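J.: Handing you this structure, nothing more for now.
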Amino acid sequence: MPNDPADSAPGEPGSPAPPARRVTVRRRGPLLMEGPVEVELEDGTTVRSDRFRVALCTCRRSRRYPWCDTSHRRRADPSR
């Protein structure tokens, strides 16, 4: 059967959509993402994490960027 969706590669017309990844946005915190994930950095390199949940740094203070190391906690304004 030529138009059988089971025979299509992912991303081809007629193929089932891959399951959606959940991303959780935290105010003044990292983006929490269901893993595994691959992240393409500005310089074109790709880093991967196979963890079931990944914290992506949004403040750029992490020494392990793009992974969050909770550096945002030490520098956050406590009055907010």
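Here, A, B, ... name the chains of the structure tokens in the order displayed, residue numbers run from 1 inside each chain, and ligands are numbered from 1 in the same displayed order.
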Report as a list of chain:residue names all protein, DNA and RNA residues lying within 6 Å of region 36-38 of chain A, evaluated on only C-alpha atoms, omitting residues in the same chain fewer than 5 positions from it.
T.: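 Result of the neighbour search: A:Val47, A:Arg48, A:Ser49, A:Asp50, A:Arg51, A:Phe52.
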J.: Which residues are near Leu41 (chain A)? Cut-off 12 Å, only C-alpha atoms, ignore same chain within fewer than 5 positions. Put them as a ChimeraX atom specification.
T.: /A:46-48,56,65-67
J.: Using DSSP on the backbone coordinates, identify all residues within region 16-66 of chain A classified as strand (DSSP E or B); present the result as a ChimeraX atom specification.
T.: /A:23-25,31-34,37-40,46-49,53-56
J.: Could you name the residues that touch Thr70 (chain A) at 10 Å or less, counting only C-alpha atoms, but leaving out those on the same chain fewer than 4 positions away, as number ranges by chain?
T.: A: 29-30, 55, 57, 59, 61-64, 74-75
J.: Would you mind exporting C-alpha atoms of the selected residues as an mmCIF file, in the first residue's frame?
T.:
data_model
loop_
_atom_site.group_PDB
_atom_site.id
_atom_site.type_symbol
_atom_site.label_atom_id
_atom_site.label_comp_id
_atom_site.auth_asym_id
_atom_site.auth_seq_id
_atom_site.Cartn_x
_atom_site.Cartn_y
_atom_site.Cartn_z
ATOM 1 C CA GLY A 29 14.466 30.386 36.340
ATOM 2 C CA PRO A 30 15.458 27.885 33.689
ATOM 3 C CA ALA A 55 17.014 22.563 32.747
ATOM 4 C CA CYS A 57 19.756 28.233 31.299
ATOM 5 C CA CYS A 59 20.166 33.937 32.255
ATOM 6 C CA ARG A 61 25.177 32.867 34.183
ATOM 7 C CA SER A 62 25.638 29.103 34.233
ATOM 8 C CA ARG A 63 29.167 27.733 34.127
ATOM 9 C CA ARG A 64 27.680 24.723 32.312
ATOM 10 C CA ARG A 74 22.792 33.449 43.844
ATOM 11 C CA ARG A 75 22.406 36.639 41.825
#
J.: Measure the distance from CA of Gly35 (chain A) to CA of Val54 (chain A) in Å and round it to one decimal.
T.: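 According to the coordinates, CA of Gly35 (chain A) and CA of Val54 (chain A) are separated by 6.0 Å.
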J.: Find, counting only C-alpha atoms, the residue in A:Arg28, A:Val23, A:Arg53, A:Val39 that gets nearest to His72 (chain A).
T.: A:Arg28
J.: Between CA of Thr45 (chain A) and CA of Ser15 (chain A), what distance in Å does the model show, to one decimal?
T.: 29.1 Å
